[in-house]
>>> print(open('input.txt').read())   # compact mmCIF, C-alpha atoms and all ligand atoms
# COMPACT_ATOMS: atom_id res chain seq x y z
CA MET I 1 80.68 61.64 142.28
CA ASN I 2 79.59 64.91 140.66
CA GLY I 3 78.79 64.62 136.98
CA LEU I 4 78.64 60.81 137.02
CA ALA I 5 75.81 58.84 135.38
CA VAL I 6 75.58 55.05 135.67
CA PHE I 7 73.03 52.89 133.90
CA CYS I 8 72.63 49.44 132.36
CA GLY I 9 70.76 47.28 129.90
CA ASN I 10 69.13 43.95 130.69
CA ALA I 11 72.31 41.84 130.88
CA ASN I 12 73.04 42.08 134.63
CA PRO I 13 70.83 44.68 136.34
CA GLN I 14 71.53 43.25 139.82
CA LEU I 15 75.28 43.81 139.43
CA ALA I 16 74.63 47.33 138.08
CA LYS I 17 72.41 48.07 141.10
CA GLU I 18 75.13 46.90 143.49
CA ILE I 19 77.80 48.93 141.67
CA ALA I 20 75.61 52.05 141.97
CA GLN I 21 75.04 51.33 145.68
CA ASN I 22 78.81 50.98 146.21
CA LEU I 23 79.30 54.31 144.43
CA GLY I 24 76.53 55.97 146.43
CA VAL I 25 74.70 57.07 143.26
CA HIS I 26 71.30 56.13 141.84
CA LEU I 27 71.08 54.16 138.59
CA THR I 28 70.00 56.59 135.86
CA GLU I 29 66.54 55.57 134.69
CA VAL I 30 66.66 53.98 131.26
CA PHE I 31 63.98 52.17 129.28
CA VAL I 32 65.37 49.17 127.37
CA GLY I 33 62.54 47.26 125.71
CA ARG I 34 61.58 45.75 122.37
CA PHE I 35 59.40 46.78 119.46
CA SER I 36 56.82 44.15 118.47
CA GLU I 37 59.12 42.66 115.82
CA GLY I 38 62.00 42.33 118.29
CA GLU I 39 64.06 45.44 117.53
CA ILE I 40 65.57 47.03 120.62
CA ARG I 41 63.93 50.23 121.86
CA VAL I 42 65.88 52.47 124.24
CA GLN I 43 65.24 55.77 125.96
CA ILE I 44 67.39 57.41 128.62
CA LYS I 45 64.82 58.93 130.95
CA GLU I 46 67.09 61.51 132.63
CA ASN I 47 69.26 64.33 131.35
CA ILE I 48 72.86 63.14 130.86
CA ARG I 49 74.15 66.16 128.91
CA GLY I 50 77.78 66.76 129.83
CA ARG I 51 77.91 63.70 132.14
CA ASP I 52 80.64 61.10 132.60
CA VAL I 53 78.56 58.07 131.60
CA PHE I 54 79.23 54.43 132.56
CA ILE I 55 77.08 51.79 130.84
CA ILE I 56 77.22 48.44 132.65
CA GLN I 57 76.47 45.58 130.28
CA PRO I 58 78.35 42.26 130.17
CA THR I 59 77.94 40.60 126.77
CA CYS I 60 76.86 37.28 128.26
CA PRO I 61 74.03 35.06 126.95
CA PRO I 62 71.82 36.00 125.21
CA VAL I 63 75.03 37.40 123.70
CA ASN I 64 73.65 39.04 120.56
CA GLU I 65 70.75 40.70 122.40
CA ASN I 66 73.05 42.03 125.13
CA LEU I 67 75.69 43.23 122.69
CA MET I 68 73.11 45.02 120.56
CA GLU I 69 71.54 46.61 123.65
CA LEU I 70 74.99 47.90 124.62
CA LEU I 71 75.63 49.39 121.17
CA ILE I 72 72.23 51.08 121.13
CA LEU I 73 72.69 52.43 124.67
CA ILE I 74 76.06 53.89 123.67
CA ASP I 75 74.45 55.48 120.61
CA ALA I 76 71.65 56.95 122.74
CA ALA I 77 74.16 58.35 125.26
CA ARG I 78 76.28 59.91 122.50
CA ARG I 79 73.23 61.57 120.92
CA ALA I 80 72.16 62.78 124.38
CA SER I 81 75.44 64.76 124.55
CA ALA I 82 77.19 62.70 127.23
CA ASP I 83 80.63 64.16 127.84
CA ARG I 84 82.38 60.78 127.97
CA ILE I 85 81.06 57.23 127.59
CA THR I 86 82.68 54.21 129.23
CA ALA I 87 81.39 50.79 128.19
CA VAL I 88 81.65 48.62 131.30
CA LEU I 89 81.84 44.97 130.24
CA PRO I 90 82.41 42.84 133.37
CA TYR I 91 82.43 39.94 130.87
CA TYR I 92 83.53 40.51 127.26
CA GLY I 93 81.81 37.97 125.00
CA TYR I 94 82.91 36.84 121.53
CA ALA I 95 86.45 36.90 122.95
CA ARG I 96 87.40 33.29 122.24
CA GLN I 97 87.66 33.90 118.49
CA ASP I 98 90.64 36.20 118.92
CA ARG I 99 92.92 35.08 116.09
CA LYS I 100 92.74 33.53 112.65
CA ASP I 101 93.85 30.03 113.59
CA GLN I 102 92.04 28.29 110.70
CA PRO I 103 91.35 29.34 107.13
CA ARG I 104 88.28 31.52 106.53
CA VAL I 105 87.33 32.18 110.17
CA PRO I 106 86.49 35.58 111.69
CA VAL I 107 88.22 37.42 114.53
CA THR I 108 85.09 38.29 116.50
CA ALA I 109 86.98 39.79 119.45
CA LYS I 110 88.22 42.50 117.08
CA LEU I 111 84.88 42.89 115.28
CA VAL I 112 83.08 43.51 118.58
CA ALA I 113 85.76 46.01 119.63
CA ASN I 114 85.21 47.88 116.34
CA LEU I 115 81.44 47.91 116.93
CA ILE I 116 81.78 49.32 120.45
CA VAL I 117 84.15 52.06 119.29
CA SER I 118 82.02 52.89 116.22
CA ALA I 119 78.91 53.17 118.41
CA GLY I 120 80.65 55.95 120.33
CA ALA I 121 82.37 54.53 123.42
CA ASN I 122 85.35 56.61 124.59
CA ARG I 123 86.69 54.06 127.06
CA VAL I 124 86.22 50.43 128.04
CA LEU I 125 86.31 48.91 131.52
CA THR I 126 86.40 45.12 131.57
CA MET I 127 87.50 42.18 133.69
CA ASP I 128 89.51 39.02 133.05
CA LEU I 129 89.52 39.10 129.26
CA HIS I 130 89.94 35.69 127.66
CA ALA I 131 93.30 36.99 126.38
CA SER I 132 94.91 40.20 127.65
CA GLN I 133 95.97 41.13 124.11
CA ILE I 134 92.32 41.87 123.28
CA GLN I 135 92.97 45.26 124.93
CA GLY I 136 94.95 46.10 121.82
CA PHE I 137 91.91 45.53 119.59
CA PHE I 138 90.55 48.85 120.89
CA ASP I 139 92.08 52.16 119.83
CA ILE I 140 90.58 53.77 122.95
CA PRO I 141 91.74 53.35 126.56
CA VAL I 142 90.92 49.99 128.13
CA ASP I 143 91.08 49.37 131.87
CA HIS I 144 91.44 45.67 132.57
CA LEU I 145 90.48 44.40 136.02
CA TYR I 146 91.16 41.01 137.60
CA ALA I 147 88.97 38.99 139.95
CA ILE I 148 92.06 37.37 141.48
CA ASN I 149 91.86 39.22 144.81
CA ALA I 150 88.23 38.28 145.48
CA LEU I 151 88.76 34.63 144.44
CA CYS I 152 92.09 34.15 146.25
CA ASP I 153 90.81 35.78 149.46
CA TYR I 154 87.93 33.30 149.46
CA PHE I 155 90.21 30.28 149.01
CA THR I 156 92.73 31.56 151.52
CA SER I 157 89.92 31.87 154.09
CA LYS I 158 88.98 28.21 153.43
CA ASN I 159 92.47 27.23 154.53
CA LEU I 160 92.60 24.15 152.27
CA LYS I 161 95.42 21.80 153.18
CA ASN I 162 97.92 20.59 150.59
CA ALA I 163 96.49 22.69 147.76
CA VAL I 164 97.82 22.83 144.22
CA VAL I 165 96.61 25.43 141.73
CA VAL I 166 95.90 23.86 138.35
CA SER I 167 95.50 25.45 134.94
CA PRO I 168 93.04 23.29 132.94
CA ASP I 169 94.86 24.23 129.72
CA VAL I 170 98.19 25.59 128.57
CA GLY I 171 96.62 28.95 127.63
CA GLY I 172 95.71 29.61 131.25
CA ILE I 173 99.21 29.14 132.74
CA LYS I 174 99.85 32.84 133.34
CA MET I 175 96.57 33.27 135.21
CA ALA I 176 97.05 30.09 137.27
CA ARG I 177 100.65 31.06 138.11
CA ALA I 178 99.41 34.38 139.54
CA TYR I 179 96.85 32.52 141.68
CA ALA I 180 99.45 29.99 142.86
CA LYS I 181 101.81 32.80 143.83
CA LYS I 182 99.11 34.70 145.70
CA MET I 183 97.98 31.57 147.58
CA SER I 184 101.57 30.33 148.11
CA ALA I 185 100.57 27.04 146.49
CA GLU I 186 102.26 24.80 143.93
CA LEU I 187 101.27 24.95 140.26
CA ALA I 188 100.25 22.15 137.88
CA ILE I 189 99.07 22.24 134.27
CA VAL I 190 96.69 20.08 132.27
CA ASP I 191 97.95 19.86 128.71
CA LYS I 192 94.63 19.65 126.87
CA ARG I 193 94.04 19.07 123.19
CA ARG I 194 90.75 20.32 121.73
CA ASP I 195 89.65 18.64 118.47
CA SER I 196 86.49 20.71 118.09
CA PRO I 197 84.65 23.24 120.30
CA GLU I 198 82.58 20.32 121.73
CA LYS I 199 85.21 17.56 121.95
CA ILE I 200 88.14 17.76 124.33
CA GLU I 201 90.92 15.26 124.82
CA VAL I 202 93.11 15.63 127.88
CA MET I 203 96.71 14.69 127.29
CA HIS I 204 99.22 15.17 130.14
CA ILE I 205 99.43 16.57 133.67
CA LEU I 206 102.54 18.65 134.32
CA GLY I 207 103.37 18.97 138.02
CA ASN I 208 102.89 17.02 141.22
CA VAL I 209 99.20 16.52 142.15
CA LYS I 210 99.13 13.15 143.96
CA GLY I 211 97.32 13.33 147.32
CA LYS I 212 96.57 17.05 146.84
CA THR I 213 93.52 19.30 146.71
CA ALA I 214 93.37 20.82 143.25
CA ILE I 215 92.11 24.38 142.76
CA LEU I 216 91.43 24.72 139.03
CA VAL I 217 91.58 28.31 137.79
CA ASP I 218 89.98 29.45 134.53
CA ASP I 219 88.69 32.67 132.99
CA LEU I 220 85.36 31.09 132.11
CA ILE I 221 83.27 27.98 132.35
CA ALA I 222 80.87 27.45 129.45
CA THR I 223 79.81 23.82 128.84
CA GLY I 224 82.04 22.72 131.72
CA GLY I 225 83.79 20.26 129.40
CA SER I 226 87.30 21.65 129.95
CA MET I 227 86.90 21.76 133.72
CA ILE I 228 85.38 18.30 134.20
CA GLU I 229 87.76 16.60 131.74
CA ALA I 230 90.68 18.20 133.57
CA ILE I 231 89.32 17.04 136.95
CA GLU I 232 88.89 13.47 135.66
CA ALA I 233 92.48 13.49 134.41
CA LEU I 234 93.64 14.83 137.79
CA ARG I 235 91.61 12.14 139.58
CA LYS I 236 93.57 9.47 137.69
CA MET I 237 96.76 11.14 138.89
CA GLY I 238 95.63 10.92 142.53
CA ILE I 239 94.06 14.22 143.66
CA VAL I 240 91.80 13.88 146.70
CA GLU I 241 89.34 16.63 145.85
CA ALA I 242 88.88 19.56 143.51
CA TYR I 243 87.64 23.15 143.64
CA ALA I 244 87.26 25.61 140.78
CA ALA I 245 87.90 29.36 140.73
CA VAL I 246 86.31 30.95 137.69
CA SER I 247 85.87 34.59 136.67
CA HIS I 248 82.89 34.21 134.34
CA GLY I 249 80.13 31.61 134.71
CA ILE I 250 78.51 31.19 131.32
CA LEU I 251 77.27 27.73 132.39
CA SER I 252 75.78 26.79 129.03
CA GLY I 253 74.35 23.42 127.95
CA ASP I 254 74.51 20.81 130.71
CA ALA I 255 77.35 22.49 132.63
CA LEU I 256 75.40 22.49 135.92
CA THR I 257 74.55 18.80 135.60
CA LYS I 258 78.21 17.99 134.94
CA ILE I 259 79.23 20.00 138.02
CA LYS I 260 76.60 18.28 140.15
CA LYS I 261 77.60 14.78 138.99
CA CYS I 262 81.34 15.20 139.53
CA ASP I 263 81.67 13.86 143.10
CA ILE I 264 85.30 14.90 143.54
CA LEU I 265 84.45 18.53 142.64
CA LYS I 266 83.42 20.15 145.93
CA GLU I 267 82.75 23.76 144.94
CA VAL I 268 82.83 26.04 141.90
CA VAL I 269 83.50 29.63 142.91
CA ILE I 270 82.39 32.17 140.30
CA THR I 271 82.06 35.96 140.25
CA ASP I 272 78.79 37.72 139.48
CA SER I 273 80.10 39.26 136.21
CA ILE I 274 77.30 37.17 134.62
CA PRO I 275 73.99 36.64 136.46
CA LEU I 276 73.87 33.11 137.89
CA GLY I 277 70.28 32.81 139.05
CA ASP I 278 69.12 31.41 142.37
CA PRO I 279 72.19 30.24 144.36
CA LYS I 280 70.01 27.76 146.31
CA ALA I 281 69.32 25.85 143.06
CA ASN I 282 73.01 24.98 142.69
CA PRO I 283 74.55 24.48 146.13
CA LYS I 284 77.97 23.60 144.64
CA VAL I 285 78.19 27.02 142.98
CA LYS I 286 79.43 29.83 145.23
CA VAL I 287 79.03 33.36 143.86
CA LEU I 288 81.41 36.16 144.85
CA THR I 289 80.53 39.73 143.97
CA VAL I 290 82.84 41.99 142.00
CA ALA I 291 80.55 45.01 142.45
CA PRO I 292 82.94 46.74 144.92
CA LEU I 293 85.89 46.19 142.53
CA LEU I 294 84.00 47.62 139.54
CA ALA I 295 82.64 50.51 141.61
CA GLU I 296 86.12 51.41 142.83
CA ALA I 297 87.47 51.31 139.26
CA ILE I 298 84.61 53.55 138.04
CA LYS I 299 85.32 55.99 140.88
CA ARG I 300 89.01 56.09 140.00
CA ILE I 301 88.36 56.57 136.27
CA HIS I 302 85.87 59.35 137.03
CA ASN I 303 88.39 61.06 139.33
CA SER I 304 91.34 60.46 136.93
CA GLU I 305 93.12 58.28 139.50
CA SER I 306 95.23 55.20 138.95
CA VAL I 307 93.30 51.99 138.26
CA SER I 308 96.38 49.76 138.33
CA GLY I 309 96.87 51.02 141.90
CA LEU I 310 93.93 48.76 142.79
CA PHE I 311 96.15 45.71 142.31
CA ASN I 312 99.34 46.91 143.96
C1 LIG M 401 89.64 28.02 127.09
O1 LIG M 401 90.56 28.52 126.47
C2 LIG M 401 88.90 28.74 128.15
O2 LIG M 401 89.75 29.33 129.07
C3 LIG M 401 87.94 27.81 128.87
O3 LIG M 401 88.68 26.78 129.47
C4 LIG M 401 86.95 27.19 127.93
O4 LIG M 401 86.53 28.10 126.98
C5 LIG M 401 85.75 26.71 128.73
O5 LIG M 401 84.80 26.20 127.85
P1 LIG M 401 84.00 24.89 128.22
O6 LIG M 401 83.48 25.09 129.63
O7 LIG M 401 82.89 24.83 127.21
O8 LIG M 401 84.91 23.73 128.12
>>> encode(input="input.txt", output="structure tokens")
Amino acid sequence: MNGLAVFCGNANPQLAKEIAQNLGVHLTEVFVGRFSEGEIRVQIKENIRGRDVFIIQPTCPPVNENLMELLILIDAARRASADRITAVLPYYGYARQDRKDQPRVPVTAKLVANLIVSAGANRVLTMDLHASQIQGFFDIPVDHLYAINALCDYFTSKNLKNAVVVSPDVGGIKMARAYAKKMSAELAIVDKRRDSPEKIEVMHILGNVKGKTAILVDDLIATGGSMIEAIEALRKMGIVEAYAAVSHGILSGDALTKIKKCDILKEVVITDSIPLGDPKANPKVKVLTVAPLLAEAIKRIHNSESVSGLFN
């Protein structure tokens, strides 16, 4: 690990600490605070001249604060003569606005990519992007990881009988198909129509779910609306119980209350790409760490080894 420097902002320091532990390196000391008016103040406290720098900062809520911290950390590392800077975004926020699907709307996934590159990042390491094509929004190398192994291993160890993997919307079919294949389970799809970001109308269930245990797979859970609406639609079609496998737990608004209230939903399994607070407060939420996965990817990037080899 010669020449490596790993540090983070305030987005997910616990994950950064665990990544550093997995790598067997110390987290480079960095001050990330605020001026009295709220502007972000950063100082890298150790020499990183000529280092291969990895900045771990998911752009989770508070999204704008965390994004701005990341940009300023990249700028500080560049001006401190880092040899190469990799922005490590276990969760890439602003990703859902990834195309111009209505008149006069922005494409924030591209805007954020431009900001990260302009700040001075040479590479990006991320996980379970909302849409894989977002990789193409960067004109620098992007390594894209998947939480599928950690999530599937957990569900395989539970040995659920009569399981069917369900995509809660048509956009998630590819992801759900990969999970179904890995777990040797059947696949079903909820054909959802979204009228506005807050209002969801579930339309049809494609596939056989009657009498089965549904494992709903999604890249993220924000308000929980998509997940709970899909589970209610599946309930009407005869599922006996439901589980959820989710890469990124944004858990905004009353998501946790919705999860708690949904009696047929037994467990929501989420990675620690975003900090989820005290696990005891939400017994239905099971957190799996992706620190070893991210650490292994950082090691391989640093040593110029294959990252895709991690998934073969
Ligand atoms: C949709 O395309 C995404 O994969 C998620 O299903 C959705 O963004 C989750 O949002 P919410 O939890 O607010 O329904």
>>> closest_residue(input="input.txt", among="I:Gly207, I:Gly249, I:Gly172, I:Pro90", to="Leu276 of chain I", atoms="all atoms listed in the file")
I:Gly249
>>> residues_around(input="input.txt", residues="Thr257 of chain I", least_positions_apart="3", cutoff="12 Å", atoms="only C-alpha atoms", output="list of chain:residue names")
I:Thr223, I:Gly224, I:Gly225, I:Ile228, I:Leu251, I:Ser252, I:Gly253, I:Asp254, I:Lys260, I:Lys261, I:Cys262, I:Asp263, I:Ala281, I:Asn282, I:Pro283, I:Lys284, I:Val285
>>> closest_atom_pairs(input="input.txt", of="chain I", to="ligand LIG 401 (chain M)", cutoff="9 Å", atoms="all atoms listed in the file", output="Markdown table")
| residue | atom | partner | partner_atom | distance |
| --- | --- | --- | --- | --- |
| I:Arg96 | CA | M:LIG401 | O4 | 7.1 |
| I:His130 | CA | M:LIG401 | O2 | 6.5 |
| I:Ala131 | CA | M:LIG401 | O2 | 8.9 |
| I:Ser167 | CA | M:LIG401 | O3 | 8.8 |
| I:Pro168 | CA | M:LIG401 | O3 | 6.6 |
| I:Asp169 | CA | M:LIG401 | O3 | 6.7 |
| I:Val170 | CA | M:LIG401 | O1 | 8.4 |
| I:Gly171 | CA | M:LIG401 | O1 | 6.2 |
| I:Gly172 | CA | M:LIG401 | O2 | 6.4 |
| I:Pro197 | CA | M:LIG401 | O7 | 7.3 |
| I:Glu198 | CA | M:LIG401 | O7 | 7.1 |
| I:Lys199 | CA | M:LIG401 | O8 | 8.7 |
| I:Ile200 | CA | M:LIG401 | O8 | 7.8 |
| I:Val217 | CA | M:LIG401 | O3 | 8.9 |
| I:Asp218 | CA | M:LIG401 | O2 | 5.5 |
| I:Asp219 | CA | M:LIG401 | O2 | 5.3 |
| I:Leu220 | CA | M:LIG401 | C3 | 5.3 |
| I:Ile221 | CA | M:LIG401 | O6 | 4.0 |
| I:Ala222 | CA | M:LIG401 | O6 | 3.5 |
| I:Thr223 | CA | M:LIG401 | O7 | 3.6 |
| I:Gly224 | CA | M:LIG401 | O6 | 3.5 |
| I:Gly225 | CA | M:LIG401 | O8 | 3.9 |
| I:Ser226 | CA | M:LIG401 | O8 | 3.7 |
| I:Met227 | CA | M:LIG401 | O8 | 6.3 |
| I:Ile228 | CA | M:LIG401 | O8 | 8.2 |
| I:Glu229 | CA | M:LIG401 | O8 | 8.5 |
| I:Gly249 | CA | M:LIG401 | O6 | 8.9 |
| I:Ile250 | CA | M:LIG401 | O6 | 8.0 |
| I:Leu251 | CA | M:LIG401 | O6 | 7.3 |
| I:Ser252 | CA | M:LIG401 | O7 | 7.6 |
| I:Gly253 | CA | M:LIG401 | O7 | 8.7 |
| I:Ala255 | CA | M:LIG401 | O6 | 7.3 |
>>> atom_distance(input="input.txt", atom1="atom CA of Arg41 of chain I", atom2="atom CA of Leu294 of chain I")
26.9 Å
>>> closest_residue(input="input.txt", among="I:Ile231, I:Val53, I:Ile189, I:Val63", to="Lys174 of chain I", atoms="all atoms listed in the file")
I:Ile189
>>> closest_atom_pairs(input="input.txt", of="segment 220-253 of chain I", to="segment 147-161 of chain I", cutoff="9 Å", atoms="all atoms listed in the file", output="JSON lines")
{"residue": "I:Ala245", "atom": "CA", "partner": "I:Leu151", "partner_atom": "CA", "distance": 6.5}
{"residue": "I:Val246", "atom": "CA", "partner": "I:Leu151", "partner_atom": "CA", "distance": 8.1}
{"residue": "I:Ser247", "atom": "CA", "partner": "I:Ala147", "partner_atom": "CA", "distance": 6.3}
>>> decode(input="input.txt", residues="segment 237-248 of chain I", atoms="all heavy atoms", output="PDB file, in the first residue's frame")
ATOM      1  N   MET I 237     -51.768 -10.169  -4.806  1.00  0.00           N
ATOM      2  CA  MET I 237     -51.565 -11.299  -5.722  1.00  0.00           C
ATOM      3  C   MET I 237     -51.150 -12.569  -4.978  1.00  0.00           C
ATOM      4  O   MET I 237     -50.766 -13.550  -5.587  1.00  0.00           O
ATOM      5  CB  MET I 237     -50.495 -10.946  -6.772  1.00  0.00           C
ATOM      6  CG  MET I 237     -50.866  -9.785  -7.659  1.00  0.00           C
ATOM      7  SD  MET I 237     -52.406 -10.048  -8.562  1.00  0.00           S
ATOM      8  CE  MET I 237     -51.860 -11.189  -9.806  1.00  0.00           C
ATOM      9  N   GLY I 238     -51.132 -12.509  -3.630  1.00  0.00           N
ATOM     10  CA  GLY I 238     -50.976 -13.739  -2.844  1.00  0.00           C
ATOM     11  C   GLY I 238     -49.602 -14.068  -2.296  1.00  0.00           C
ATOM     12  O   GLY I 238     -49.374 -15.215  -1.907  1.00  0.00           O
ATOM     13  N   ILE I 239     -48.671 -13.115  -2.198  1.00  0.00           N
ATOM     14  CA  ILE I 239     -47.381 -13.471  -1.567  1.00  0.00           C
ATOM     15  C   ILE I 239     -47.606 -13.717  -0.073  1.00  0.00           C
ATOM     16  O   ILE I 239     -48.541 -13.158   0.522  1.00  0.00           O
ATOM     17  CB  ILE I 239     -46.278 -12.382  -1.749  1.00  0.00           C
ATOM     18  CG1 ILE I 239     -46.700 -11.029  -1.165  1.00  0.00           C
ATOM     19  CG2 ILE I 239     -45.853 -12.270  -3.190  1.00  0.00           C
ATOM     20  CD1 ILE I 239     -45.542 -10.096  -0.903  1.00  0.00           C
ATOM     21  N   VAL I 240     -46.737 -14.539   0.536  1.00  0.00           N
ATOM     22  CA  VAL I 240     -46.911 -14.811   1.967  1.00  0.00           C
ATOM     23  C   VAL I 240     -46.105 -13.841   2.823  1.00  0.00           C
ATOM     24  O   VAL I 240     -46.531 -13.446   3.899  1.00  0.00           O
ATOM     25  CB  VAL I 240     -46.568 -16.282   2.337  1.00  0.00           C
ATOM     26  CG1 VAL I 240     -47.657 -17.215   1.882  1.00  0.00           C
ATOM     27  CG2 VAL I 240     -45.233 -16.732   1.771  1.00  0.00           C
ATOM     28  N   GLU I 241     -44.934 -13.484   2.358  1.00  0.00           N
ATOM     29  CA  GLU I 241     -44.144 -12.466   3.065  1.00  0.00           C
ATOM     30  C   GLU I 241     -43.174 -11.811   2.097  1.00  0.00           C
ATOM     31  O   GLU I 241     -42.983 -12.286   0.976  1.00  0.00           O
ATOM     32  CB  GLU I 241     -43.426 -13.043   4.299  1.00  0.00           C
ATOM     33  CG  GLU I 241     -42.544 -14.209   4.019  1.00  0.00           C
ATOM     34  CD  GLU I 241     -41.908 -14.784   5.289  1.00  0.00           C
ATOM     35  OE1 GLU I 241     -42.323 -14.441   6.403  1.00  0.00           O
ATOM     36  OE2 GLU I 241     -40.971 -15.581   5.122  1.00  0.00           O
ATOM     37  N   ALA I 242     -42.582 -10.702   2.557  1.00  0.00           N
ATOM     38  CA  ALA I 242     -41.676  -9.961   1.676  1.00  0.00           C
ATOM     39  C   ALA I 242     -40.391  -9.571   2.405  1.00  0.00           C
ATOM     40  O   ALA I 242     -40.380  -9.359   3.623  1.00  0.00           O
ATOM     41  CB  ALA I 242     -42.374  -8.695   1.161  1.00  0.00           C
ATOM     42  N   TYR I 243     -39.315  -9.522   1.634  1.00  0.00           N
ATOM     43  CA  TYR I 243     -38.023  -9.014   2.106  1.00  0.00           C
ATOM     44  C   TYR I 243     -37.573  -7.990   1.066  1.00  0.00           C
ATOM     45  O   TYR I 243     -38.019  -8.025  -0.083  1.00  0.00           O
ATOM     46  CB  TYR I 243     -36.985 -10.139   2.187  1.00  0.00           C
ATOM     47  CG  TYR I 243     -37.250 -11.127   3.303  1.00  0.00           C
ATOM     48  CD1 TYR I 243     -38.211 -12.130   3.159  1.00  0.00           C
ATOM     49  CD2 TYR I 243     -36.560 -11.041   4.502  1.00  0.00           C
ATOM     50  CE1 TYR I 243     -38.473 -13.024   4.188  1.00  0.00           C
ATOM     51  CE2 TYR I 243     -36.813 -11.930   5.539  1.00  0.00           C
ATOM     52  CZ  TYR I 243     -37.757 -12.922   5.372  1.00  0.00           C
ATOM     53  OH  TYR I 243     -38.016 -13.797   6.393  1.00  0.00           O
ATOM     54  N   ALA I 244     -36.664  -7.114   1.457  1.00  0.00           N
ATOM     55  CA  ALA I 244     -36.128  -6.165   0.479  1.00  0.00           C
ATOM     56  C   ALA I 244     -34.605  -6.196   0.513  1.00  0.00           C
ATOM     57  O   ALA I 244     -34.008  -6.287   1.593  1.00  0.00           O
ATOM     58  CB  ALA I 244     -36.631  -4.755   0.778  1.00  0.00           C
ATOM     59  N   ALA I 245     -33.995  -6.145  -0.662  1.00  0.00           N
ATOM     60  CA  ALA I 245     -32.533  -6.077  -0.789  1.00  0.00           C
ATOM     61  C   ALA I 245     -32.221  -4.774  -1.514  1.00  0.00           C
ATOM     62  O   ALA I 245     -32.599  -4.595  -2.671  1.00  0.00           O
ATOM     63  CB  ALA I 245     -32.030  -7.268  -1.595  1.00  0.00           C
ATOM     64  N   VAL I 246     -31.575  -3.861  -0.814  1.00  0.00           N
ATOM     65  CA  VAL I 246     -31.406  -2.507  -1.344  1.00  0.00           C
ATOM     66  C   VAL I 246     -29.946  -2.075  -1.202  1.00  0.00           C
ATOM     67  O   VAL I 246     -29.337  -2.253  -0.146  1.00  0.00           O
ATOM     68  CB  VAL I 246     -32.320  -1.523  -0.564  1.00  0.00           C
ATOM     69  CG1 VAL I 246     -32.170  -0.108  -1.081  1.00  0.00           C
ATOM     70  CG2 VAL I 246     -33.777  -1.953  -0.643  1.00  0.00           C
ATOM     71  N   SER I 247     -29.403  -1.472  -2.260  1.00  0.00           N
ATOM     72  CA  SER I 247     -27.997  -1.036  -2.190  1.00  0.00           C
ATOM     73  C   SER I 247     -27.831   0.205  -1.321  1.00  0.00           C
ATOM     74  O   SER I 247     -26.880   0.290  -0.543  1.00  0.00           O
ATOM     75  CB  SER I 247     -27.458  -0.747  -3.591  1.00  0.00           C
ATOM     76  OG  SER I 247     -27.658  -1.853  -4.420  1.00  0.00           O
ATOM     77  N   HIS I 248     -28.715   1.200  -1.516  1.00  0.00           N
ATOM     78  CA  HIS I 248     -28.516   2.488  -0.846  1.00  0.00           C
ATOM     79  C   HIS I 248     -29.759   2.881  -0.030  1.00  0.00           C
ATOM     80  O   HIS I 248     -30.842   3.058  -0.590  1.00  0.00           O
ATOM     81  CB  HIS I 248     -28.239   3.587  -1.877  1.00  0.00           C
ATOM     82  CG  HIS I 248     -27.168   3.226  -2.859  1.00  0.00           C
ATOM     83  ND1 HIS I 248     -25.856   3.037  -2.487  1.00  0.00           N
ATOM     84  CD2 HIS I 248     -27.205   3.013  -4.213  1.00  0.00           C
ATOM     85  CE1 HIS I 248     -25.138   2.718  -3.561  1.00  0.00           C
ATOM     86  NE2 HIS I 248     -25.935   2.688  -4.621  1.00  0.00           N
TER      87      HIS I 248
END
